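Engineer: Handing over upload29.txt, compact mmCIF, C-alpha atoms.
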```
# COMPACT_ATOMS: atom_id res chain seq x y z
CA THR A 587 114.66 207.33 38.20
CA PRO A 588 117.92 206.12 36.62
CA GLN A 589 120.27 204.15 38.85
CA THR A 590 122.78 206.47 40.51
CA THR A 591 125.24 203.98 41.92
CA ALA A 592 128.33 202.08 40.90
CA PRO A 593 127.60 198.74 39.20
CA ASN A 594 128.01 195.40 40.90
CA ARG A 595 131.49 193.94 40.55
CA ILE A 596 133.29 190.76 41.50
CA THR A 597 134.81 191.45 44.92
CA ALA A 598 136.29 188.02 45.70
CA VAL A 599 136.82 184.65 44.03
CA HIS A 600 136.25 181.48 46.08
CA THR A 601 137.22 177.89 45.29
CA PRO A 602 135.71 174.71 46.77
CA VAL A 603 137.22 173.27 49.92
CA SER A 604 135.68 169.87 49.13
CA ILE A 605 133.55 168.02 46.58
CA ALA A 606 131.84 164.83 47.80
CA SER A 607 129.28 162.34 46.56
CA SER A 608 125.77 163.06 47.90
CA GLY A 609 122.86 160.87 46.81
CA ASP A 610 122.61 161.13 43.03
CA GLY A 611 124.78 164.24 42.87
CA TRP A 612 127.92 166.01 44.04
CA LEU A 613 128.01 168.29 47.07
CA VAL A 614 130.32 171.27 46.68
CA ASP A 615 131.44 173.04 49.87
CA MET A 616 132.71 176.58 49.22
CA GLY A 617 133.98 177.00 52.80
CA HIS A 618 131.77 179.92 53.85
CA VAL A 619 128.61 181.76 52.87
CA PHE A 620 128.73 184.59 50.33
CA THR A 621 126.50 186.34 47.80
CA GLY A 622 127.29 185.88 44.14
CA TRP A 623 127.49 183.62 41.13
CA PHE A 624 128.49 179.99 40.60
CA GLU A 625 130.80 179.34 37.66
CA MET A 626 131.58 175.87 36.37
CA GLU A 627 133.52 174.43 33.46
CA MET A 628 131.38 171.56 32.26
CA PRO A 629 132.80 168.10 31.48
CA PRO A 630 131.94 166.56 28.10
CA LEU A 631 128.16 166.10 28.06
CA PRO A 632 125.68 164.69 25.51
CA GLN A 633 123.48 167.20 23.75
CA GLY A 634 120.35 167.97 25.77
CA ARG A 635 121.77 166.78 29.11
CA GLU A 636 120.43 168.89 31.98
CA VAL A 637 122.76 169.80 34.82
CA ARG A 638 120.97 171.14 37.89
CA ILE A 639 122.79 173.22 40.50
CA ALA A 640 120.90 173.82 43.76
CA TYR A 641 122.09 176.17 46.50
CA SER A 642 122.00 176.36 50.30
CA ASP A 643 123.74 178.28 53.08
CA HIS A 644 123.68 175.35 55.54
CA LEU A 645 123.37 171.60 55.96
CA ASP A 646 120.63 170.00 58.06
CA ASN A 647 122.21 167.22 60.12
CA GLY A 648 124.82 166.89 57.41
CA LYS A 649 122.26 166.73 54.60
CA PHE A 650 121.73 169.25 51.83
CA GLN A 651 118.58 171.36 52.10
CA THR A 652 117.60 173.55 49.13
CA GLN A 653 116.66 177.00 50.40
CA GLY A 654 113.56 178.47 48.78
CA GLY A 655 113.93 176.28 45.70
CA GLU A 656 117.07 178.14 44.58
CA ALA A 657 118.57 176.35 41.61
CA ASP A 658 119.99 176.87 38.11
CA ILE A 659 119.57 174.47 35.19
CA PHE A 660 122.15 174.23 32.41
CA VAL A 661 121.24 172.41 29.18
CA SER A 662 124.24 171.18 27.22
CA ASN A 663 124.53 171.61 23.47
CA GLY A 664 127.02 168.74 23.37
CA GLU A 665 130.04 170.84 22.45
CA PRO A 666 133.37 170.67 24.30
CA GLY A 667 134.55 173.49 26.55
CA GLU A 668 131.14 174.59 27.82
CA ARG A 669 131.12 176.99 30.77
CA PHE A 670 128.11 177.97 32.92
CA CYS A 671 127.63 181.13 34.99
CA ASN A 672 124.16 182.62 35.51
CA LYS A 673 124.89 186.35 35.71
CA PHE A 674 121.21 187.24 35.51
CA HIS A 675 120.64 185.90 39.01
CA HIS A 676 122.68 185.56 42.19
CA HIS A 677 122.58 183.23 45.18
CA ALA A 678 123.64 183.38 48.82
CA TYR A 679 125.23 180.01 49.46
CA CYS A 680 127.97 177.94 50.99
CA TYR A 681 126.92 174.64 49.41
CA ALA A 682 125.94 173.68 45.87
CA LEU A 683 124.46 170.30 44.91
CA ILE A 684 125.21 169.35 41.31
CA THR A 685 123.16 166.66 39.55
CA GLY A 686 123.34 165.50 35.95
CA VAL A 687 127.14 165.08 35.95
CA ASP A 688 128.43 161.50 35.94
CA LYS A 689 131.83 162.10 37.58
CA ALA A 690 132.89 164.36 40.42
CA PRO A 691 133.81 167.81 39.06
CA GLU A 692 137.40 168.89 39.53
CA THR A 693 138.00 171.57 42.14
CA LYS A 694 139.71 173.78 39.56
CA SER A 695 136.60 173.68 37.34
CA ILE A 696 134.43 175.57 39.88
CA ARG A 697 134.61 179.15 41.13
CA GLY A 698 132.36 181.16 43.41
CA LEU A 699 132.26 184.81 42.32
CA GLN A 700 131.28 187.10 45.18
CA ILE A 701 129.54 190.29 44.04
CA GLY A 702 128.78 193.65 45.61
CA ASN A 703 128.92 197.38 44.88
CA LEU A 704 130.57 199.00 47.88
CA SER A 705 133.49 201.24 46.92
CA GLY A 706 135.99 199.93 49.44
CA GLU A 707 136.81 200.02 53.13
CA SER A 708 136.81 203.34 54.99
CA ALA A 709 137.86 201.95 58.38
CA THR A 710 139.67 198.98 59.90
CA PHE A 711 139.58 197.43 63.36
CA ARG A 712 141.79 195.08 65.36
CA CYS A 713 142.21 194.50 69.10
CA SER A 714 143.84 191.97 71.45
CA ASP A 715 140.61 189.94 71.83
CA THR A 716 140.32 187.35 69.06
CA ASP A 717 136.59 186.83 69.70
CA ILE A 718 135.83 190.53 69.20
CA ASN A 719 137.97 190.52 66.06
CA ALA A 720 135.99 187.54 64.75
CA ILE A 721 132.66 189.29 65.49
CA HIS A 722 133.85 192.39 63.64
CA ASP A 723 134.94 190.34 60.63
CA MET A 724 131.62 188.48 60.60
CA VAL A 725 129.64 191.73 60.63
CA LYS A 726 131.86 193.22 57.92
CA HIS A 727 131.47 190.19 55.65
CA THR A 728 127.71 190.14 56.26
CA LEU A 729 127.32 193.79 55.27
CA GLU A 730 129.39 193.18 52.13
CA CYS A 731 127.10 190.29 51.17
CA LEU A 732 123.96 192.35 51.81
CA THR A 733 124.93 195.43 49.79
CA TYR A 734 124.62 195.22 46.02
CA SER A 735 122.66 196.80 43.14
CA GLY A 736 122.53 200.13 44.94
CA TYR A 737 120.94 199.26 48.28
CA MET A 738 121.28 196.98 51.31
CA VAL A 739 118.90 194.04 51.52
CA ASP A 740 117.53 192.21 54.55
CA CYS A 741 118.67 188.84 53.17
CA PRO A 742 120.29 188.08 49.80
CA HIS A 743 118.60 184.72 49.18
CA LEU A 744 114.87 185.11 49.95
CA GLU A 745 113.12 188.51 50.24
CA ARG A 746 116.07 190.61 48.99
CA ALA A 747 114.27 193.81 50.03
CA GLY A 748 115.69 197.15 51.12
CA TYR A 749 113.79 197.31 54.41
CA GLY A 750 114.02 200.57 56.33
CA GLY A 751 114.18 198.85 59.71
CA ASP A 752 117.20 196.80 58.64
CA GLY A 753 118.73 199.91 57.15
CA ASN A 754 118.25 201.95 60.33
CA SER A 755 119.88 199.26 62.46
CA SER A 756 122.86 198.88 60.10
CA THR A 757 123.53 202.30 58.57
CA VAL A 758 126.04 203.50 61.19
CA ALA A 759 128.09 200.30 60.92
CA LEU A 760 127.90 200.15 57.12
CA GLN A 761 128.87 203.79 56.62
CA THR A 762 131.67 203.52 59.18
CA MET A 763 133.22 200.42 57.63
CA PHE A 764 132.74 201.25 53.92
CA ASP A 765 132.49 204.03 51.39
CA ALA A 766 128.77 203.65 50.74
CA ALA A 767 127.87 207.23 49.77
CA HIS A 768 126.78 206.27 46.25
CA VAL A 769 124.74 203.35 47.63
CA TYR A 770 122.76 205.65 49.90
CA SER A 771 122.27 208.23 47.16
CA ASN A 772 120.69 205.56 45.01
CA TRP A 773 118.77 203.89 47.85
CA LEU A 774 117.23 207.16 49.08
CA THR A 775 116.24 208.01 45.51
CA GLY A 776 114.32 204.72 45.54
CA TRP A 777 112.59 205.75 48.75
CA GLY A 778 111.59 209.06 47.20
CA ASP A 779 110.24 207.27 44.14
CA SER A 780 108.15 204.98 46.37
CA MET A 781 106.51 207.79 48.37
CA GLN A 782 102.86 208.40 47.57
CA GLU A 783 101.35 211.84 46.83
CA GLY A 784 99.83 212.07 50.30
CA GLY A 785 103.18 211.29 51.90
CA MET A 786 102.51 207.63 52.66
CA MET A 787 105.79 205.73 52.94
CA PRO A 788 106.61 202.06 52.30
CA ASN A 789 108.57 199.88 54.70
CA ALA A 790 111.11 199.03 51.99
CA ALA A 791 112.52 200.57 48.83
CA PRO A 792 112.79 200.13 45.92
CA SER A 793 109.06 199.32 46.05
CA ALA A 794 106.20 199.39 43.58
CA THR A 795 103.74 200.44 46.30
CA ALA A 796 103.78 202.29 49.63
CA GLU A 797 102.18 199.36 51.42
CA GLY A 798 103.96 197.57 54.22
CA GLY A 799 104.18 197.08 57.95
CA GLY A 800 106.87 197.36 60.56
CA GLY A 801 105.90 200.71 62.06
CA PRO A 802 107.72 204.05 62.18
CA TYR A 803 111.18 202.55 62.57
CA TRP A 804 110.90 201.18 59.03
CA ASN A 805 109.62 204.18 57.07
CA ALA A 806 111.57 206.64 59.26
CA PHE A 807 114.61 205.46 57.31
CA MET A 808 113.74 208.32 54.93
CA ALA A 809 114.59 210.78 57.73
CA PHE A 810 117.40 208.92 59.50
CA ALA A 811 119.48 207.83 56.50
CA PRO A 812 119.97 211.30 54.94
CA TRP A 813 121.16 212.64 58.30
CA ARG A 814 123.61 209.78 58.82
CA THR A 815 124.85 210.17 55.23
CA TYR A 816 125.53 213.85 55.92
CA VAL A 817 127.34 213.02 59.17
CA SER A 818 129.41 210.25 57.56
CA TYR A 819 130.25 211.81 54.21
CA GLY A 820 129.38 215.53 54.45
CA ASP A 821 126.86 215.03 51.65
CA SER A 822 124.38 217.89 51.96
```
How does this structure look as structure tokens?
Structural biologist:
Amino acid sequence: TPQTTAPNRITAVHTPVSIASSGDGWLVDMGHVFTGWFEMEMPPLPQGREVRIAYSDHLDNGKFQTQGGEADIFVSNGEPGERFCNKFHHHAYCYALITGVDKAPETKSIRGLQIGNLSGESATFRCSDTDINAIHDMVKHTLECLTYSGYMVDCPHLERAGYGGDGNSSTVALQTMFDAAHVYSNWLTGWGDSMQEGGMMPNAAPSATAEGGGGPYWNAFMAFAPWRTYVSYGDS
């Protein structure tokens, strides 16, 4: 079935808060975790030089730990003014470790491009308790980072799957905070495409098969999500 959702777009632009030497490379700290692309203006490089950029959402005792082998490799053609941004693949990261560059990159040469495809906020919240405000903002940012390409994933760096259990536990919050009607239209179409002739349901969609575990809470997303979408948006 054709995709029935708005395309991904750049929702925020982040700049490094620090760039420090780390082993044989340079550790870039973007300040917080987000889902998106890494863009870098390359310094002058010899032809054939490989620049490797690895990604992680945390440090282990202050040391960089690559998560799941996530990395991009840029091969220079030796021309001035080269710019790298892998738009065919995204990462969920706070830190990037750059190797293959002799000098520390300038802060202005690096941008983190956060992506997503929600259509904007549909509700706001503030109260007198700063902790509750911080929890709300954390949940909101997390949902923004999980929702792209027409569905909400369980995690944007490893499985990246539209699990029904995760959807059931998050749908009320997501649909309250954001205009996600087009996301659910597309996501539920994926669930319908994944259903087998006998009615067997997967635990995630989009999915090439109807296999999967998790129990009724996962595949019952096909019943719960349409109802919540009707309640939230009046979409019958």
Engineer: Between atom CA of A:Phe660 and atom CA of A:Cys741, what is the distance in Å, rounded to a tenth?
Structural biologist: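 The value is 25.6 Å.
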Engineer: What are the closest atom pairs, with distances in Å to one decimal, for each residue of stretch 685-783 of chain A lying within 12 Å of stretch 640-650 of chain A, using all atoms listed in the file, rows by chain and rising residue number, as CSV?
Structural biologist:
```
residue,atom,partner,partner_atom,distance
A:Thr685,CA,A:Ala640,CA,8.6
A:Gly686,CA,A:Ala640,CA,11.7
A:Gly698,CA,A:Tyr641,CA,11.8
A:Cys741,CA,A:Asp643,CA,11.7
A:Pro742,CA,A:Asp643,CA,10.9
A:His743,CA,A:Ser642,CA,9.1
A:Leu744,CA,A:Ser642,CA,11.3
```
Engineer: Quick one: which stretch 689-726 of chain A residues come within 6 Å of stretch 619-632 of chain A, and what is the nearest atom pair for each with the distance in Å to one decimal, counting all atoms listed in the file, rows ordered by chain and ascending number, as a Markdown table?
Structural biologist:
```
| residue | atom | partner | partner_atom | distance |
| --- | --- | --- | --- | --- |
| A:Ser695 | CA | A:Glu627 | CA | 5.0 |
| A:Ile696 | CA | A:Met626 | CA | 4.5 |
| A:Arg697 | CA | A:Glu625 | CA | 5.2 |
| A:Gly698 | CA | A:Phe624 | CA | 4.9 |
| A:Leu699 | CA | A:Trp623 | CA | 5.1 |
| A:Gln700 | CA | A:Gly622 | CA | 4.3 |
| A:Ile701 | CA | A:Gly622 | CA | 5.0 |
```
Engineer: For the point (126.6, 198.8, 42.4) in file coordinates, what residues are within 8 Å, counting only C-alpha atoms? Give the answer as a list in words?
Structural biologist: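 I get Thr591, Ala592, Pro593, Asn594, Arg595, Gly702, Asn703, Leu704, Tyr734, Ser735, Gly736 and Val769 of chain A for the residues within 8 Å of that point.
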Engineer: Skip A:Tyr749 itself and residues of its chain fewer than 3 positions away, then list as a VMD selection string all residues within 7 Å of it, counting only C-alpha atoms.
Structural biologist: chain A and resid 739 to 740 752 to 753 789 to 791 804
Engineer: Can you tell me, as AutoDock Vina command-line options, the centre and edge lengths (Å, one decimal) of the axis-aligned box enclosing all of stretch 804-818 of chain A's listed atoms after padding each side by 8 Å?
Structural biologist:
```
--center_x 119.5 --center_y 207.5 --center_z 57.2 --size_x 35.8 --size_y 28.7 --size_z 20.6
```
Engineer: Just to confirm, what's the straight-line distance from atom CA of A:Tyr819 to atom CA of A:Gly785 in Å (one decimal)?
Structural biologist: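 Rounded to one decimal, the two atoms are 27.2 Å apart.
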Engineer: How far is it from atom CA of A:Thr601 to atom CA of A:Ala657, in Å with one decimal?
Structural biologist: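 Between these atoms lies a distance of 19.1 Å.
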Engineer: Go through A:Pro588, A:Gly617, A:Gly706, A:Gly801 and flag the residue nearest A:Thr733, using all atoms listed in the file for the distances.
Structural biologist: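 Between A:Pro588, A:Gly617, A:Gly706, A:Gly801, the residue approaching A:Thr733 most closely is A:Gly706.
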Engineer: For A:Glu707, which residue among A:Met808, A:Leu760, A:Val599, A:Met787 is the nearest when counting only C-alpha atoms?
Structural biologist: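 Checking each candidate against A:Glu707, we get A:Leu760 as the closest.
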Engineer: With distances taken over only C-alpha atoms, which of A:Phe810, A:Ala767, A:Thr710, A:Glu656 is nearest to A:Lys726?
Structural biologist: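 Smallest distance to A:Lys726 is found for A:Thr710.
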Engineer: Within 9 Å of (127.9, 184.5, 58.7), all atoms listed in the file: residues as a ChimeraX atom specification?
Structural biologist: /A:618-620,724-725,727-728
Engineer: Using all atoms listed in the file, which of A:Leu732, A:Val687, A:Leu613, A:Met738 sits nearest A:His768?
Structural biologist: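 Going through A:Leu732, A:Val687, A:Leu613, A:Met738 one by one, the smallest distance to A:His768 is for A:Met738.
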Engineer: Give me the residues near A:Leu683 as number ranges by chain, where near means some atom within 10 Å (using all atoms listed in the file) and where sequence neighbours in that chain fewer than 3 positions away do not count.
Structural biologist: A: 605-615, 638-642, 650-652, 657
